[in-house]
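Below is start.txt, holding compact mmCIF, C-alpha atoms.
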# COMPACT_ATOMS: atom_id res chain seq x y z
CA MET K 1 56.12 29.92 60.48
CA ALA K 2 55.94 29.01 56.80
CA THR K 3 54.44 25.72 55.63
CA ILE K 4 54.17 24.18 52.19
CA LEU K 5 52.51 21.14 50.63
CA ALA K 6 55.14 18.63 49.52
CA ASN K 7 54.81 14.90 48.85
CA ASN K 8 51.19 15.14 50.04
CA LEU K 9 52.35 16.38 53.44
CA THR K 10 52.48 19.75 55.13
CA LEU K 11 56.11 20.58 55.85
CA ALA K 12 57.09 23.45 58.12
CA TYR K 13 60.23 25.27 57.06
CA GLU K 14 62.33 28.39 57.52
CA THR K 15 64.66 30.21 55.15
CA HIS K 16 67.57 32.46 56.07
CA GLY K 17 69.71 34.76 53.96
CA ASP K 18 69.67 35.95 50.37
CA PRO K 19 67.55 33.74 48.05
CA ALA K 20 70.01 34.53 45.27
CA ALA K 21 72.89 32.96 47.24
CA PRO K 22 73.89 29.28 46.91
CA PRO K 23 71.22 27.24 48.72
CA VAL K 24 72.03 24.91 51.61
CA LEU K 25 69.38 22.48 52.87
CA LEU K 26 69.76 21.35 56.49
CA VAL K 27 68.21 17.95 57.35
CA MET K 28 67.87 17.22 61.07
CA GLY K 29 67.91 13.89 62.88
CA LEU K 30 65.64 11.61 64.86
CA GLY K 31 62.74 13.32 66.64
CA THR K 32 64.38 16.74 66.52
CA PRO K 33 62.75 19.81 64.97
CA LEU K 34 64.45 22.38 62.76
CA THR K 35 65.17 24.52 65.82
CA SER K 36 67.74 21.90 66.86
CA TRP K 37 70.15 23.32 64.30
CA PRO K 38 72.28 25.68 66.42
CA PRO K 39 71.42 29.32 65.62
CA ASP K 40 75.13 30.15 65.44
CA LEU K 41 75.61 27.54 62.73
CA VAL K 42 72.65 28.83 60.71
CA GLU K 43 73.71 32.45 61.11
CA GLY K 44 77.30 31.53 60.30
CA LEU K 45 76.27 29.94 57.01
CA VAL K 46 74.27 33.04 56.12
CA GLU K 47 77.21 35.31 56.96
CA MET K 48 79.43 33.18 54.71
CA GLY K 49 77.08 33.84 51.80
CA TYR K 50 74.62 30.94 51.72
CA TYR K 51 70.84 30.77 51.53
CA VAL K 52 69.83 28.35 54.29
CA ILE K 53 66.68 26.22 54.31
CA ARG K 54 65.79 24.10 57.33
CA PHE K 55 62.59 22.14 57.89
CA ASP K 56 60.75 19.80 60.23
CA ASN K 57 60.76 16.21 58.99
CA ARG K 58 57.44 14.39 58.83
CA ASP K 59 56.25 13.33 62.28
CA CYS K 60 58.22 16.11 63.94
CA GLY K 61 57.74 19.73 64.93
CA LEU K 62 55.05 21.55 62.98
CA SER K 63 55.09 19.25 59.95
CA SER K 64 52.44 16.60 59.29
CA SER K 65 52.00 14.03 62.04
CA MET K 66 51.57 10.42 60.93
CA ASP K 67 49.52 9.31 63.93
CA HIS K 68 47.16 7.39 61.66
CA LEU K 69 50.00 4.89 61.16
CA GLY K 70 49.91 3.86 64.82
CA THR K 71 52.55 3.71 67.56
CA PRO K 72 55.24 1.06 67.09
CA ASN K 73 56.42 -1.31 69.80
CA LEU K 74 60.01 -0.09 70.16
CA PRO K 75 61.38 -2.88 72.39
CA LEU K 76 60.01 -5.49 69.97
CA ALA K 77 61.38 -3.57 66.99
CA PHE K 78 64.86 -3.46 68.53
CA VAL K 79 64.81 -7.19 69.30
CA LYS K 80 63.85 -7.92 65.70
CA HIS K 81 66.59 -5.58 64.47
CA ALA K 82 69.19 -7.23 66.69
CA LEU K 83 68.20 -10.68 65.42
CA GLY K 84 68.17 -9.56 61.79
CA TRP K 85 64.45 -10.20 61.43
CA PRO K 86 62.53 -8.08 58.93
CA LEU K 87 60.79 -4.96 60.19
CA LYS K 88 57.75 -3.35 58.64
CA PRO K 89 58.15 0.39 59.34
CA PRO K 90 55.26 2.86 59.06
CA TYR K 91 57.39 4.60 56.39
CA THR K 92 60.99 4.49 55.22
CA LEU K 93 64.01 6.78 55.06
CA HIS K 94 63.48 6.83 51.31
CA ASP K 95 60.00 8.26 51.91
CA MET K 96 61.58 10.96 54.07
CA ALA K 97 64.14 11.71 51.36
CA GLU K 98 61.24 12.14 48.93
CA ASP K 99 59.74 14.65 51.38
CA ALA K 100 62.92 16.73 51.28
CA LEU K 101 63.18 16.57 47.48
CA ALA K 102 59.51 17.55 47.18
CA LEU K 103 60.18 20.52 49.47
CA LEU K 104 62.96 21.69 47.17
CA ALA K 105 60.68 21.32 44.16
CA ALA K 106 57.86 23.20 45.88
CA LEU K 107 60.27 26.02 46.74
CA ARG K 108 61.51 25.98 43.13
CA LEU K 109 65.11 25.60 44.14
CA GLY K 110 67.78 24.35 41.77
CA PRO K 111 70.66 22.09 42.83
CA VAL K 112 71.39 22.53 46.53
CA HIS K 113 74.12 21.66 48.99
CA VAL K 114 72.62 19.16 51.46
CA VAL K 115 73.84 18.93 55.05
CA GLY K 116 72.36 16.17 57.20
CA ALA K 117 72.96 15.21 60.83
CA SER K 118 72.41 11.69 62.24
CA MET K 119 69.19 10.36 60.69
CA GLY K 120 69.27 13.51 58.58
CA GLY K 121 72.64 12.36 57.24
CA MET K 122 71.03 9.09 56.13
CA ILE K 123 68.27 11.01 54.39
CA ALA K 124 70.84 13.31 52.75
CA GLN K 125 72.82 10.29 51.51
CA ILE K 126 69.71 8.88 49.83
CA MET K 127 68.95 12.26 48.26
CA ALA K 128 72.47 12.53 46.83
CA ALA K 129 72.29 9.02 45.37
CA ARG K 130 68.72 9.11 44.06
CA ALA K 131 68.59 12.70 42.79
CA PRO K 132 72.08 13.60 41.50
CA LEU K 133 70.75 16.55 39.49
CA ARG K 134 69.17 18.07 42.60
CA VAL K 135 72.11 17.72 45.00
CA ARG K 136 75.23 19.80 44.41
CA SER K 137 77.18 18.41 47.36
CA LEU K 138 76.64 16.19 50.39
CA THR K 139 77.74 16.75 53.99
CA SER K 140 76.96 13.77 56.25
CA ILE K 141 77.46 14.45 59.97
CA MET K 142 77.48 11.76 62.73
CA SER K 143 75.66 9.33 60.44
CA SER K 144 76.13 5.82 59.03
CA SER K 145 75.98 3.65 55.92
CA GLY K 146 73.69 1.24 57.72
CA ARG K 147 76.06 -1.69 57.19
CA ARG K 148 74.93 -4.50 59.51
CA SER K 149 78.44 -5.37 60.69
CA LEU K 150 79.07 -1.90 62.13
CA PRO K 151 79.06 -1.40 65.90
CA GLY K 152 75.90 -0.09 67.51
CA PRO K 153 75.25 2.31 70.37
CA THR K 154 76.85 1.82 73.75
CA ARG K 155 74.58 0.24 76.33
CA ALA K 156 74.22 3.55 78.16
CA ALA K 157 73.32 5.43 74.97
CA ARG K 158 70.74 2.81 73.95
CA GLN K 159 69.14 2.81 77.39
CA ALA K 160 69.00 6.61 77.42
CA LEU K 161 67.31 6.66 74.02
CA LEU K 162 64.71 4.06 75.00
CA ARG K 163 64.05 5.41 78.48
CA ARG K 164 60.63 7.02 78.79
CA PRO K 165 59.62 9.80 81.17
CA LYS K 166 57.36 8.87 84.06
CA LYS K 167 53.66 8.93 83.35
CA GLY K 168 52.08 12.20 84.35
CA SER K 169 55.37 14.12 84.17
CA ASP K 170 54.91 17.87 84.16
CA ARG K 171 56.77 20.22 81.83
CA GLY K 172 59.72 20.66 84.17
CA GLN K 173 60.12 16.90 84.59
CA LEU K 174 59.93 16.37 80.83
CA ILE K 175 62.65 18.95 80.24
CA SER K 176 64.85 17.33 82.88
CA HIS K 177 64.32 13.96 81.21
CA MET K 178 65.28 15.41 77.81
CA MET K 179 68.40 16.99 79.28
CA GLN K 180 69.43 13.68 80.84
CA THR K 181 68.98 11.90 77.51
CA PHE K 182 70.98 14.58 75.70
CA ARG K 183 73.88 14.35 78.15
CA ALA K 184 74.09 10.59 77.64
CA ILE K 185 75.01 10.99 73.97
CA ALA K 186 76.61 14.46 73.92
CA SER K 187 80.27 15.41 73.44
CA PRO K 188 82.24 14.50 76.57
CA CYS K 189 84.94 17.09 75.87
CA TYR K 190 82.55 19.86 74.83
CA PRO K 191 79.64 19.97 77.31
CA THR K 192 76.82 22.35 76.48
CA PRO K 193 76.38 24.88 79.32
CA GLU K 194 73.48 24.02 81.62
CA LYS K 195 71.48 27.18 80.94
CA GLN K 196 71.90 26.85 77.18
CA LEU K 197 70.99 23.16 77.24
CA ARG K 198 67.82 23.81 79.24
CA ARG K 199 66.78 26.52 76.80
CA MET K 200 67.39 24.15 73.88
CA MET K 201 65.14 21.53 75.45
CA GLU K 202 62.44 24.10 76.25
CA ILE K 203 62.35 25.24 72.62
CA SER K 204 62.33 21.65 71.37
CA LEU K 205 59.50 20.60 73.69
CA GLN K 206 57.43 23.65 72.80
CA ARG K 207 57.70 22.81 69.12
CA ASN K 208 57.76 19.03 69.22
CA GLY K 209 55.79 16.96 71.71
CA ASN K 210 55.07 14.00 69.43
CA ARG K 211 56.86 11.05 71.05
CA ALA K 212 54.99 8.56 68.84
CA GLY K 213 56.42 10.36 65.81
CA ALA K 214 59.96 9.89 67.12
CA ALA K 215 59.20 6.18 67.63
CA ARG K 216 58.02 5.83 64.03
CA GLN K 217 61.18 7.56 62.80
CA MET K 218 63.28 5.24 64.98
CA VAL K 219 61.71 2.18 63.38
CA ALA K 220 62.34 3.67 59.93
CA VAL K 221 66.04 3.90 60.83
CA ALA K 222 66.13 0.38 62.28
CA ALA K 223 64.39 -1.07 59.22
CA ALA K 224 66.66 0.67 56.71
CA ALA K 225 68.74 -1.55 54.46
CA ASP K 226 72.51 -1.37 54.13
CA ARG K 227 73.17 1.70 51.96
CA SER K 228 76.73 0.75 50.95
CA ASP K 229 75.85 -0.06 47.35
CA LEU K 230 73.72 3.06 47.12
CA LEU K 231 76.53 5.24 48.50
CA ALA K 232 78.89 3.85 45.88
CA THR K 233 76.72 5.52 43.21
CA ILE K 234 77.08 9.03 44.65
CA ARG K 235 79.01 11.29 42.29
CA CYS K 236 78.66 14.68 43.94
CA PRO K 237 81.45 15.88 46.28
CA ALA K 238 80.92 14.45 49.76
CA LEU K 239 82.18 15.48 53.19
CA VAL K 240 81.79 13.14 56.19
CA ILE K 241 82.15 14.60 59.71
CA HIS K 242 82.08 12.38 62.78
CA GLY K 243 82.92 12.57 66.45
CA ALA K 244 85.55 10.19 67.76
CA ALA K 245 83.58 9.93 71.05
CA ASP K 246 80.10 9.34 69.57
CA PRO K 247 78.34 6.77 71.81
CA LEU K 248 75.18 6.53 69.71
CA VAL K 249 76.61 6.17 66.20
CA PRO K 250 80.23 5.08 66.76
CA VAL K 251 83.00 6.66 64.71
CA ALA K 252 83.42 3.40 62.76
CA CYS K 253 80.11 4.26 61.10
CA GLY K 254 81.45 7.57 59.81
CA ILE K 255 84.65 5.95 58.58
CA ASP K 256 82.62 3.31 56.76
CA THR K 257 80.38 5.96 55.20
CA ALA K 258 83.39 7.83 53.84
CA ARG K 259 84.90 4.64 52.46
CA ALA K 260 81.64 3.78 50.68
CA ILE K 261 81.30 7.14 48.87
CA PRO K 262 83.75 7.64 45.99
CA ASN K 263 86.33 10.35 46.77
CA ALA K 264 84.65 11.38 50.02
CA THR K 265 86.52 13.57 52.48
CA LEU K 266 86.51 12.45 56.12
CA HIS K 267 87.04 14.60 59.22
CA VAL K 268 87.03 12.91 62.62
CA ILE K 269 86.79 15.33 65.56
CA GLU K 270 88.31 14.18 68.83
CA GLY K 271 86.09 14.60 71.88
CA MET K 272 82.92 15.11 69.83
CA GLY K 273 79.88 12.96 70.63
CA HIS K 274 76.44 12.84 69.05
CA ASP K 275 75.61 16.53 69.11
CA LEU K 276 76.62 19.90 67.65
CA PRO K 277 78.18 21.57 70.72
CA PRO K 278 78.65 25.36 70.77
CA GLN K 279 82.43 25.00 71.17
CA LEU K 280 82.68 23.28 67.78
CA ILE K 281 80.41 25.49 65.67
CA GLU K 282 83.24 27.59 64.23
CA ARG K 283 85.17 24.46 63.31
CA LEU K 284 82.12 22.86 61.70
CA LEU K 285 81.42 26.05 59.76
CA ALA K 286 84.99 26.17 58.51
CA LEU K 287 84.87 22.55 57.33
CA ILE K 288 81.53 23.01 55.59
CA ASP K 289 82.55 26.33 54.02
CA VAL K 290 85.76 24.92 52.55
CA HIS K 291 83.80 21.94 51.23
CA LEU K 292 81.04 24.03 49.67
CA HIS K 293 83.20 26.80 48.32
CA GLY K 294 85.76 24.35 47.01
CA ASN K 295 83.10 22.44 45.13
CA MET K 296 81.58 25.59 43.68
CA ALA K 297 85.02 26.67 42.52
CA ALA K 298 85.68 23.27 41.01
CA GLN K 299 82.40 23.40 39.12
CA ALA K 300 83.43 26.77 37.74
CA GLY K 301 86.82 25.39 36.76
CA ARG K 302 88.60 27.30 39.54
CA LEU K 303 89.55 24.83 42.26
CA GLY K 304 90.38 27.06 45.22
CA VAL K 305 91.07 24.48 47.93
CA THR K 306 93.00 21.28 48.35
CA GLN K 307 90.95 18.39 49.72
CA ALA K 308 92.29 15.19 51.18
CA HIS K 309 90.32 12.35 49.66
CA LEU K 310 89.71 9.02 51.28
CA ASP K 311 89.95 5.70 49.47
CA GLY K 312 89.90 2.16 50.71
CA GLY K 313 93.46 2.25 51.97
CA GLY K 314 93.87 5.96 52.46
CA ARG K 315 94.79 8.03 55.48
CA PHE K 316 92.07 9.61 57.52
CA PRO K 317 92.58 13.41 57.68

Once you've parsed the file, please lay out its structure as structure tokens.
Amino acid sequence: MATILANNLTLAYETHGDPAAPPVLLVMGLGTPLTSWPPDLVEGLVEMGYYVIRFDNRDCGLSSSMDHLGTPNLPLAFVKHALGWPLKPPYTLHDMAEDALALLAALRLGPVHVVGASMGGMIAQIMAARAPLRVRSLTSIMSSSGRRSLPGPTRAARQALLRRPKKGSDRGQLISHMMQTFRAIASPCYPTPEKQLRRMMEISLQRNGNRAGAARQMVAVAAAADRSDLLATIRCPALVIHGAADPLVPVACGIDTARAIPNATLHVIEGMGHDLPPQLIERLLALIDVHLHGNMAAQAGRLGVTQAHLDGGGRFP
């Protein structure tokens, strides 16, 4: 496993494909290591002619742990968030965006296509707004603008996310707990097969056992300001993908994100929850490929695709 010093942290990363191909940076979500990107999606991007970079965010996987910043009180943090009281996170999403930009600089990569999922979508949004010369295009999946008026998780999704495994749980019990949490937010119409889901959780647990790190990331998300004004400054082509059945980040959040970004393209997928189910990988690859190839063609003066753009009163594709 490769590691590199970036933003004064050690970041673990993997690369796939031809380094001479157009680079795509994958940014994963809350408490989930780089292995949470489905292998079929990564391999599909490589087969379509992209150079794929994925990495563990700070406080996750094999990247630097921030244990010296302490373990936050999550119930208290969520009460403060619900009441609109200020939160003091151990670090911010902007700090995490700086990590990703520093990784690109350390790898000496030019402008990249950035694809982020959930919290990773928030980080990708900040990257696109703050570093327009480094981001060629943005794909934000199952994410949000952070607008305070947007709906939050369902009660069941929130409880699943906050539920902790029993003290003294062995490996098998921990994996069962993780599977139960995953099912609570996953796509109702596209369930991940039991054997595949268990293997996913085994790989994730083996690589990432830092629950305090996930808590610190969660507080960073809760403390984040409304990004609407920031999103309005994004000038790179943007694609927003969201599941109509997402119980954790409701579809209204994706719609709002697309409205906030000038000329963004929105795709709402019926039956999709807060995951990247195997049944939808080909569809996701097709959407991302059209977006990336279309933007590369446009930059070269050869627009090869027709994109439906979303404005304040537009139709949702």

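For the point (65.5, 23.4, 73.2) in file coordinates, the residues within 10 Å, using only C-alpha atoms, are Thr32, Pro33, Thr35, Ser36, Pro38, Ile175, Met178, Met179, Gln196, Leu197, Arg198, Arg199, Met200, Met201, Glu202, Ile203, Ser204, Leu205, Gln206, Arg207 and Asn208 of chain K.
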
message: Give me the residues near region 76-89 of chain K as JSON, numbers by chain, where near means some atom within 9 Å (using all atoms listed in the file) and where sequence neighbours in that chain fewer than 2 positions away do not count.
response: {"K": [72, 73, 74, 91, 92, 148, 216, 217, 219, 220, 221, 222, 223, 224]}

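Between CA of Gly254 (chain K) and CA of Met96 (chain K) there is a distance of 21.0 Å.
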
- prompt: How many Å lie between CA of Asp18 (chain K) and CA of Leu292 (chain K), rounded to one decimal?
  reply: 16.5 Å

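Minimum atom-to-atom distance to Pro247 (chain K), evaluated using all atoms listed in the file, belongs to K:Ala186 out of K:Val114, K:Ala186, K:Ile123, K:Leu133.
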
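You can rank K:Ala212, K:Met119, K:Leu284, K:Ala225 by their closest distance to Arg147 (chain K) using all atoms listed in the file, and at the top of that list sits K:Ala225.
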
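Each of K:Val115, K:Ala20, K:Cys60, K:Leu109 was compared to Leu287 (chain K) using all atoms listed in the file, and K:Val115 turns out to be the nearest.
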
- request: Rank K:Gly70, K:Gly146, K:Pro237, K:Pro191 by their smallest atom-to-atom distance to His293 (chain K), using only C-alpha atoms, and report the top residue only.
  value: K:Pro237
